[in-house]
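Remarks on the structure that follows.
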Amino acid sequence: MSDTFNAIQAIQNEEAVDVQLRTISKDSLSEGNVVVDVAFSTINFKDGLALEGNKGKVMRKFPMIPGIDFSGTVAESDDSNFSPGDEVILTGWGLGEFHTGGLSQVARVQGDWLVKKPKELSLLDSMAIGTAGFTAMLCLLTLEKHGVLPSSGPVLVTGSSGGVGSISVSLLSNIGYEVEALTRKPEMHAYLQELGASAVISSDQLEESGKIMASEKWAGVIDTVGGDILGRIIPSVKYWGCIASCGNTAGIKFSSNVLPFILRGISLSGVESAYCPIQMRTHAWDRLSKDLPQNSLQQITQKVHMGEVFEVASKILAGNIRGRTVVDVNKTAT
Ligand SMILES: NC(=O)c1ccc[n+]([C@@H]2O[C@H](COP(=O)([O-])OP(=O)(O)OC[C@H]3O[C@@H](n4cnc5c(N)ncnc54)[C@H](OP(=O)(O)O)[C@@H]3O)[C@@H](O)[C@H]2O)c1
């Protein structure tokens, strides 16, 4: 790699945050003890916010490089756990928010944040999974921890055509769960059924807002949307069921009541992926390498180059992206 390289860089001007593809040097990277030649990054909802001029103020320091995850090959290391040539994955740890991120040909990070790529996955596969797939696995581990197994009954996935949703549907169905997929988009029905959903529903089929209790439907829920939809799901969770809550695309507030919790013993369990401990990360990636059907990653993923990331950002914020978008950071045109 030459002294200069391509990165999407955000600079804070007086009036706005200017985010552009620029040629930069390592001086613009945050501090760290491992340098990685990045192969792929991805566009997650949070990256969409950053790329669209720092909506939601997700980037906290400037100049910043967006990109909350990447896969790549170690180029230089002062960390005894990593050597040049090691293939690694990084998700979270404030990347693209406080620490320069993955939408760059080179990243400099803390070795403590890196996971060695499982041999069953390629660098491309690991970013097809990325933060979204890692979060889907943390949600599955949460359901399992609460005793929700394939024999417990159907599991509902909300925001199912999105990144976390698509991988959740594929993952759960591959290991024997009966999966119901909730989507706002009728045109996604065939896609979700191909990923393994046994039923695809719309929010019209949920209980009305304010319902106290309803008949039992789902043993587990992976909820990526939050808001009013979450409130309307809670009355229908089965006895001792669990909702793994990881997202808020439909809003941050919901209203509910205690009866489903104290009469059915249900749980609402939060999932946080960015700062989760390294042992859990290694376990989650190991499970992903075994439990996720590899062929589904192709169905779920589109690949773009660095010149296309802004267009993808607008679409993801409008809720118009299907599955996952991987960015080949070493290409700026097709
Ligand atoms: N807790 C964590 O550590 C963590 C990690 C990763 C992601 N997240 C969060 O999880 C959520 C999903 O992430 P993602 O990467 O999967 O995003 P995504 O690819 O944009 O998918 C989100 C999906 O939510 C649905 N949706 C979007 N806007 C909506 C609205 N206004 N009302 C109802 N549904 C809406 C859409 O699915 P349909 O069109 O199919 O309905 C969309 O595809 C985001 O809130 C993200 O910030 C959290």
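Following the order of the structure tokens, first chain is A, next is B, and so on, with residues numbered from 1 inside each chain and ligands from 1 in the order they appear.
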
Would you mind listing what lies within 10 Å of Gly67 in chain A as a ChimeraX atom specification, with only C-alpha atoms counted and same-chain residues fewer than 4 positions away left out? /A:8,41-44,46-48,50-51,91-92,94-97,99-104,327

Export N, CA and C atoms of the chosen residues as an mmCIF file, in the first residue's frame?
```cif
data_model
loop_
_atom_site.group_PDB
_atom_site.id
_atom_site.type_symbol
_atom_site.label_atom_id
_atom_site.label_comp_id
_atom_site.auth_asym_id
_atom_site.auth_seq_id
_atom_site.Cartn_x
_atom_site.Cartn_y
_atom_site.Cartn_z
ATOM 1 N N ILE A 8 -13.401 7.399 2.822
ATOM 2 C CA ILE A 8 -14.503 8.362 2.941
ATOM 3 C C ILE A 8 -14.224 9.145 4.214
ATOM 4 N N SER A 41 -15.868 -3.227 3.870
ATOM 5 C CA SER A 41 -16.644 -2.648 4.962
ATOM 6 C C SER A 41 -18.109 -2.803 4.563
ATOM 7 N N THR A 42 -19.026 -2.232 5.314
ATOM 8 C CA THR A 42 -20.441 -2.396 4.956
ATOM 9 C C THR A 42 -21.201 -1.105 5.253
ATOM 10 N N ILE A 43 -22.435 -1.044 4.747
ATOM 11 C CA ILE A 43 -23.283 0.111 5.083
ATOM 12 C C ILE A 43 -24.405 -0.403 5.978
ATOM 13 N N ASN A 44 -24.318 -0.013 7.249
ATOM 14 C CA ASN A 44 -25.375 -0.300 8.212
ATOM 15 C C ASN A 44 -26.215 0.970 8.380
ATOM 16 N N LYS A 46 -26.525 2.910 10.854
ATOM 17 C CA LYS A 46 -25.720 3.976 11.478
ATOM 18 C C LYS A 46 -24.781 4.631 10.466
ATOM 19 N N ASP A 47 -24.230 3.833 9.550
ATOM 20 C CA ASP A 47 -23.360 4.393 8.509
ATOM 21 C C ASP A 47 -24.154 5.295 7.578
ATOM 22 N N GLY A 48 -25.417 4.902 7.328
ATOM 23 C CA GLY A 48 -26.298 5.744 6.506
ATOM 24 C C GLY A 48 -26.421 7.120 7.135
ATOM 25 N N ALA A 50 -24.315 8.608 9.180
ATOM 26 C CA ALA A 50 -23.021 9.315 9.087
ATOM 27 C C ALA A 50 -22.807 9.860 7.671
ATOM 28 N N LEU A 51 -23.058 9.032 6.674
ATOM 29 C CA LEU A 51 -22.786 9.428 5.287
ATOM 30 C C LEU A 51 -23.708 10.533 4.815
ATOM 31 N N THR A 91 -15.976 -5.291 14.395
ATOM 32 C CA THR A 91 -17.306 -4.643 14.424
ATOM 33 C C THR A 91 -17.403 -3.832 15.708
ATOM 34 N N GLY A 92 -17.981 -2.646 15.614
ATOM 35 C CA GLY A 92 -18.281 -1.861 16.816
ATOM 36 C C GLY A 92 -17.089 -1.134 17.399
ATOM 37 N N GLY A 94 -16.956 1.673 18.703
ATOM 38 C CA GLY A 94 -16.945 3.114 18.409
ATOM 39 C C GLY A 94 -16.322 3.451 17.068
ATOM 40 N N LEU A 95 -16.065 2.413 16.242
ATOM 41 C CA LEU A 95 -15.511 2.661 14.905
ATOM 42 C C LEU A 95 -16.494 3.511 14.109
ATOM 43 N N GLY A 96 -15.986 4.518 13.421
ATOM 44 C CA GLY A 96 -16.852 5.392 12.628
ATOM 45 C C GLY A 96 -17.623 6.390 13.473
ATOM 46 N N GLU A 97 -17.413 6.349 14.794
ATOM 47 C CA GLU A 97 -18.078 7.315 15.696
ATOM 48 C C GLU A 97 -17.010 8.124 16.443
ATOM 49 N N HIS A 99 -13.663 6.636 16.616
ATOM 50 C CA HIS A 99 -12.389 6.121 16.101
ATOM 51 C C HIS A 99 -12.541 5.921 14.598
ATOM 52 N N THR A 100 -11.530 6.367 13.800
ATOM 53 C CA THR A 100 -11.685 6.291 12.333
ATOM 54 C C THR A 100 -12.015 4.863 11.887
ATOM 55 N N GLY A 101 -12.949 4.772 10.915
ATOM 56 C CA GLY A 101 -13.613 3.500 10.654
ATOM 57 C C GLY A 101 -13.204 2.772 9.397
ATOM 58 N N GLY A 102 -14.122 1.923 8.930
ATOM 59 C CA GLY A 102 -13.811 0.903 7.929
ATOM 60 C C GLY A 102 -13.935 1.334 6.482
ATOM 61 N N LEU A 103 -14.522 2.513 6.201
ATOM 62 C CA LEU A 103 -14.658 2.930 4.797
ATOM 63 C C LEU A 103 -13.354 3.587 4.343
ATOM 64 N N SER A 104 -12.305 2.788 4.353
ATOM 65 C CA SER A 104 -10.944 3.257 4.108
ATOM 66 C C SER A 104 -10.109 2.057 3.672
ATOM 67 N N VAL A 327 -19.126 -3.099 0.999
ATOM 68 C CA VAL A 327 -18.362 -2.125 0.208
ATOM 69 C C VAL A 327 -16.954 -2.670 -0.037
#
```

Give me the residues near Val329 in chain A as an MDAnalysis selection string, where near means some atom within 12 Å (using only C-alpha atoms) and where sequence neighbours in that chain fewer than 6 positions away do not count. chainID A and resid 5:8 21 37:43 67 69:72 101:107 124 127 303:309

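Taking atom 45 (O, counted along the ligand's line) of ligand 1 as the reference point, CA of Ser122 in chain A is found at 26.5 Å.
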
All residues having an atom within 7 Å of ligand 1 (only C-alpha atoms and all ligand atoms) as an NGL selection string: :A and (44-46 or 131-132 or 135 or 158-165 or 182-185 or 224-225 or 246-250 or 271-274 or 316-324)

Using DSSP on the backbone coordinates, identify the residues of range 9-237 of chain A assigned to strand (DSSP E or B); present them as a short mmCIF file (atom, residue, chain, number, x, y, z; two decimals) with N, CA, C and O atoms, in the first residue's frame.
```
data_model
loop_
_atom_site.label_atom_id
_atom_site.label_comp_id
_atom_site.auth_asym_id
_atom_site.auth_seq_id
_atom_site.Cartn_x
_atom_site.Cartn_y
_atom_site.Cartn_z
N GLN A 9 -14.03 10.44 4.07
CA GLN A 9 -13.65 11.23 5.25
C GLN A 9 -14.67 12.33 5.52
O GLN A 9 -15.14 12.98 4.57
N ALA A 10 -15.01 12.52 6.78
CA ALA A 10 -15.96 13.56 7.19
C ALA A 10 -15.20 14.68 7.89
O ALA A 10 -14.45 14.44 8.83
N ILE A 11 -15.41 15.89 7.39
CA ILE A 11 -14.77 17.07 8.00
C ILE A 11 -15.86 18.00 8.51
O ILE A 11 -16.85 18.24 7.80
N GLN A 12 -15.69 18.48 9.73
CA GLN A 12 -16.69 19.41 10.31
C GLN A 12 -16.38 20.83 9.84
O GLN A 12 -15.34 21.40 10.18
N VAL A 17 -21.37 19.10 8.09
CA VAL A 17 -20.33 18.08 8.04
C VAL A 17 -20.18 17.66 6.58
O VAL A 17 -21.15 17.23 5.95
N ASP A 18 -18.97 17.81 6.06
CA ASP A 18 -18.70 17.53 4.65
C ASP A 18 -18.10 16.12 4.54
O ASP A 18 -16.99 15.88 5.02
N VAL A 19 -18.86 15.20 3.94
CA VAL A 19 -18.40 13.80 3.85
C VAL A 19 -18.10 13.48 2.39
O VAL A 19 -19.00 13.60 1.54
N GLN A 20 -16.87 13.10 2.10
CA GLN A 20 -16.48 12.84 0.70
C GLN A 20 -15.42 11.76 0.61
O GLN A 20 -14.70 11.51 1.58
N LEU A 21 -15.33 11.18 -0.60
CA LEU A 21 -14.22 10.27 -0.89
C LEU A 21 -12.96 11.13 -1.08
O LEU A 21 -12.95 12.04 -1.91
N ARG A 22 -11.93 10.85 -0.26
CA ARG A 22 -10.71 11.66 -0.33
C ARG A 22 -9.49 10.75 -0.36
O ARG A 22 -9.56 9.58 0.04
N THR A 23 -8.36 11.33 -0.78
CA THR A 23 -7.08 10.62 -0.68
C THR A 23 -6.40 11.14 0.57
O THR A 23 -6.22 12.35 0.73
N ILE A 24 -6.06 10.23 1.48
CA ILE A 24 -5.51 10.66 2.77
C ILE A 24 -4.25 9.83 3.08
O ILE A 24 -3.89 8.93 2.33
N SER A 25 -3.62 10.15 4.22
CA SER A 25 -2.46 9.35 4.66
C SER A 25 -2.75 8.83 6.07
O SER A 25 -3.75 9.20 6.69
N VAL A 34 -2.44 -1.83 15.82
CA VAL A 34 -2.46 -2.74 14.67
C VAL A 34 -2.94 -1.96 13.44
O VAL A 34 -3.94 -1.24 13.51
N VAL A 35 -2.21 -2.12 12.33
CA VAL A 35 -2.64 -1.51 11.06
C VAL A 35 -3.18 -2.63 10.18
O VAL A 35 -2.55 -3.70 10.05
N VAL A 36 -4.35 -2.39 9.60
CA VAL A 36 -5.01 -3.42 8.78
C VAL A 36 -5.23 -2.87 7.36
O VAL A 36 -5.70 -1.75 7.20
N ASP A 37 -4.85 -3.69 6.37
CA ASP A 37 -5.26 -3.39 4.99
C ASP A 37 -6.70 -3.88 4.86
O ASP A 37 -6.96 -5.10 4.90
N VAL A 38 -7.62 -2.94 4.74
CA VAL A 38 -9.04 -3.29 4.75
C VAL A 38 -9.43 -3.88 3.39
O VAL A 38 -8.99 -3.38 2.34
N ALA A 39 -10.21 -4.93 3.42
CA ALA A 39 -10.74 -5.52 2.17
C ALA A 39 -12.17 -5.03 1.95
O ALA A 39 -12.51 -4.50 0.89
N PHE A 40 -13.02 -5.22 2.97
CA PHE A 40 -14.44 -4.88 2.84
C PHE A 40 -14.95 -4.17 4.09
O PHE A 40 -14.53 -4.48 5.20
N SER A 41 -15.87 -3.23 3.87
CA SER A 41 -16.64 -2.65 4.96
C SER A 41 -18.11 -2.80 4.56
O SER A 41 -18.40 -3.49 3.57
N THR A 42 -19.03 -2.23 5.31
CA THR A 42 -20.44 -2.40 4.96
C THR A 42 -21.20 -1.11 5.25
O THR A 42 -20.67 -0.19 5.88
N MET A 64 -13.32 12.41 10.69
CA MET A 64 -13.73 11.04 11.00
C MET A 64 -13.85 10.26 9.70
O MET A 64 -14.11 10.85 8.64
N ASP A 69 -17.69 -1.24 10.66
CA ASP A 69 -17.09 -2.58 10.65
C ASP A 69 -16.19 -2.74 9.43
O ASP A 69 -16.26 -1.98 8.48
N PHE A 70 -15.31 -3.75 9.50
CA PHE A 70 -14.48 -4.10 8.34
C PHE A 70 -13.91 -5.50 8.50
O PHE A 70 -13.85 -6.03 9.61
N SER A 71 -13.47 -6.05 7.37
CA SER A 71 -12.62 -7.25 7.38
C SER A 71 -11.37 -6.91 6.58
O SER A 71 -11.41 -6.06 5.68
N GLY A 72 -10.26 -7.54 6.92
CA GLY A 72 -9.03 -7.24 6.20
C GLY A 72 -7.87 -8.07 6.71
O GLY A 72 -8.05 -9.05 7.46
N THR A 73 -6.66 -7.66 6.30
CA THR A 73 -5.45 -8.42 6.60
C THR A 73 -4.48 -7.53 7.38
O THR A 73 -4.23 -6.38 6.97
N VAL A 74 -3.96 -8.06 8.47
CA VAL A 74 -3.03 -7.29 9.30
C VAL A 74 -1.77 -6.96 8.48
O VAL A 74 -1.18 -7.84 7.87
N ALA A 75 -1.42 -5.66 8.48
CA ALA A 75 -0.21 -5.20 7.76
C ALA A 75 0.94 -4.96 8.73
O ALA A 75 2.09 -5.29 8.44
N GLU A 76 0.64 -4.37 9.89
CA GLU A 76 1.66 -4.10 10.92
C GLU A 76 1.03 -4.35 12.27
O GLU A 76 -0.16 -4.03 12.45
N SER A 77 1.80 -4.90 13.21
CA SER A 77 1.21 -5.16 14.53
C SER A 77 2.21 -5.02 15.66
O SER A 77 3.31 -5.58 15.60
N GLU A 87 -5.89 -12.68 8.97
CA GLU A 87 -7.15 -12.13 8.47
C GLU A 87 -8.08 -11.87 9.67
O GLU A 87 -8.26 -12.76 10.51
N VAL A 88 -8.61 -10.67 9.72
CA VAL A 88 -9.31 -10.22 10.93
C VAL A 88 -10.65 -9.55 10.59
O VAL A 88 -10.88 -9.12 9.46
N ILE A 89 -11.49 -9.48 11.64
CA ILE A 89 -12.80 -8.84 11.55
C ILE A 89 -12.89 -7.83 12.69
O ILE A 89 -12.45 -8.11 13.81
N LEU A 90 -13.48 -6.68 12.41
CA LEU A 90 -13.77 -5.75 13.51
C LEU A 90 -15.19 -5.21 13.35
O LEU A 90 -15.58 -4.77 12.26
N THR A 91 -15.98 -5.29 14.40
CA THR A 91 -17.31 -4.64 14.42
C THR A 91 -17.40 -3.83 15.71
O THR A 91 -16.95 -4.28 16.77
N LEU A 95 -16.07 2.41 16.24
CA LEU A 95 -15.51 2.66 14.90
C LEU A 95 -16.49 3.51 14.11
O LEU A 95 -17.70 3.25 14.11
N HIS A 99 -13.66 6.64 16.62
CA HIS A 99 -12.39 6.12 16.10
C HIS A 99 -12.54 5.92 14.60
O HIS A 99 -13.55 5.37 14.16
N SER A 104 -12.31 2.79 4.35
CA SER A 104 -10.94 3.26 4.11
C SER A 104 -10.11 2.06 3.67
O SER A 104 -10.36 0.94 4.14
N VAL A 106 -7.13 1.61 4.55
CA VAL A 106 -6.27 1.27 5.69
C VAL A 106 -6.97 1.69 6.98
O VAL A 106 -7.59 2.75 7.03
N ALA A 107 -6.88 0.84 8.01
CA ALA A 107 -7.42 1.20 9.33
C ALA A 107 -6.34 0.96 10.38
O ALA A 107 -5.52 0.05 10.24
N ARG A 108 -6.33 1.82 11.41
CA ARG A 108 -5.41 1.59 12.54
C ARG A 108 -6.27 1.48 13.80
O ARG A 108 -7.03 2.41 14.11
N VAL A 109 -6.16 0.33 14.48
CA VAL A 109 -7.09 0.03 15.59
C VAL A 109 -6.34 -0.64 16.73
O VAL A 109 -5.17 -1.00 16.60
N VAL A 115 -11.15 -9.65 15.98
CA VAL A 115 -11.45 -11.09 16.07
C VAL A 115 -10.76 -11.75 14.88
O VAL A 115 -10.81 -11.23 13.76
N LYS A 116 -10.11 -12.89 15.13
CA LYS A 116 -9.52 -13.62 13.98
C LYS A 116 -10.64 -14.23 13.17
O LYS A 116 -11.57 -14.82 13.73
N VAL A 155 -40.84 -18.13 16.04
CA VAL A 155 -40.12 -16.90 16.40
C VAL A 155 -40.44 -15.85 15.33
O VAL A 155 -40.41 -16.12 14.13
N LEU A 156 -40.78 -14.65 15.79
CA LEU A 156 -41.08 -13.53 14.89
C LEU A 156 -39.83 -12.67 14.70
O LEU A 156 -39.13 -12.37 15.68
N VAL A 157 -39.55 -12.29 13.45
CA VAL A 157 -38.45 -11.35 13.16
C VAL A 157 -39.06 -10.09 12.55
O VAL A 157 -39.77 -10.17 11.54
N VAL A 179 -39.99 -19.74 11.56
CA VAL A 179 -39.79 -18.29 11.56
C VAL A 179 -40.94 -17.57 10.88
O VAL A 179 -41.34 -17.94 9.77
N GLU A 180 -41.47 -16.56 11.55
CA GLU A 180 -42.43 -15.65 10.91
C GLU A 180 -41.72 -14.32 10.70
O GLU A 180 -41.03 -13.82 11.59
N ALA A 181 -41.86 -13.77 9.50
CA ALA A 181 -41.13 -12.54 9.15
C ALA A 181 -42.13 -11.40 9.02
O ALA A 181 -43.11 -11.52 8.28
N LEU A 182 -41.89 -10.32 9.75
CA LEU A 182 -42.75 -9.14 9.62
C LEU A 182 -42.04 -8.12 8.73
O LEU A 182 -40.88 -7.77 8.97
N ALA A 199 -43.92 -18.02 7.32
CA ALA A 199 -45.03 -17.09 7.12
C ALA A 199 -44.47 -15.68 7.06
O ALA A 199 -43.48 -15.37 7.74
N VAL A 200 -45.07 -14.84 6.24
CA VAL A 200 -44.66 -13.44 6.16
C VAL A 200 -45.89 -12.60 6.49
O VAL A 200 -46.97 -12.80 5.92
N ILE A 201 -45.76 -11.70 7.46
CA ILE A 201 -46.91 -10.93 7.91
C ILE A 201 -46.61 -9.43 7.83
O ILE A 201 -45.45 -9.02 7.69
N TRP A 218 -46.03 -16.16 19.66
CA TRP A 218 -44.59 -16.34 19.40
C TRP A 218 -43.82 -16.68 20.68
O TRP A 218 -43.95 -16.00 21.69
N ALA A 219 -42.97 -17.72 20.56
CA ALA A 219 -42.12 -18.09 21.70
C ALA A 219 -40.96 -17.10 21.82
O ALA A 219 -40.45 -16.86 22.91
N GLY A 220 -40.55 -16.57 20.68
CA GLY A 220 -39.44 -15.63 20.68
C GLY A 220 -39.65 -14.56 19.64
O GLY A 220 -40.43 -14.74 18.69
N VAL A 221 -38.98 -13.43 19.84
CA VAL A 221 -39.05 -12.33 18.87
C VAL A 221 -37.64 -11.74 18.75
O VAL A 221 -36.97 -11.53 19.76
N ILE A 222 -37.20 -11.52 17.50
CA ILE A 222 -36.01 -10.68 17.28
C ILE A 222 -36.55 -9.38 16.71
O ILE A 222 -37.09 -9.35 15.60
N ASP A 223 -36.47 -8.33 17.53
CA ASP A 223 -37.09 -7.06 17.14
C ASP A 223 -36.03 -6.04 16.75
O ASP A 223 -35.27 -5.56 17.59
N GLY A 226 -38.46 -1.73 17.11
CA GLY A 226 -38.89 -1.00 18.31
C GLY A 226 -40.19 -0.25 18.08
O GLY A 226 -41.05 -0.66 17.29
N VAL A 237 -46.77 -12.57 23.05
CA VAL A 237 -45.62 -13.46 23.30
C VAL A 237 -46.07 -14.60 24.22
O VAL A 237 -46.79 -14.39 25.20
#
```

Counting only C-alpha atoms, which of A:Val312, A:Ile233, A:Ala136, A:Ala128 gets nearest to Gln299 in chain A? A:Ala128

Using DSSP secondary structure from the backbone, list all alpha helix (DSSP H) positions within range 89-145 of chain A, as a count of residues only. 23

What gap, in Å, lies between CA of Glu14 in chain A and CA of Asp27 in chain A? 22.7 Å
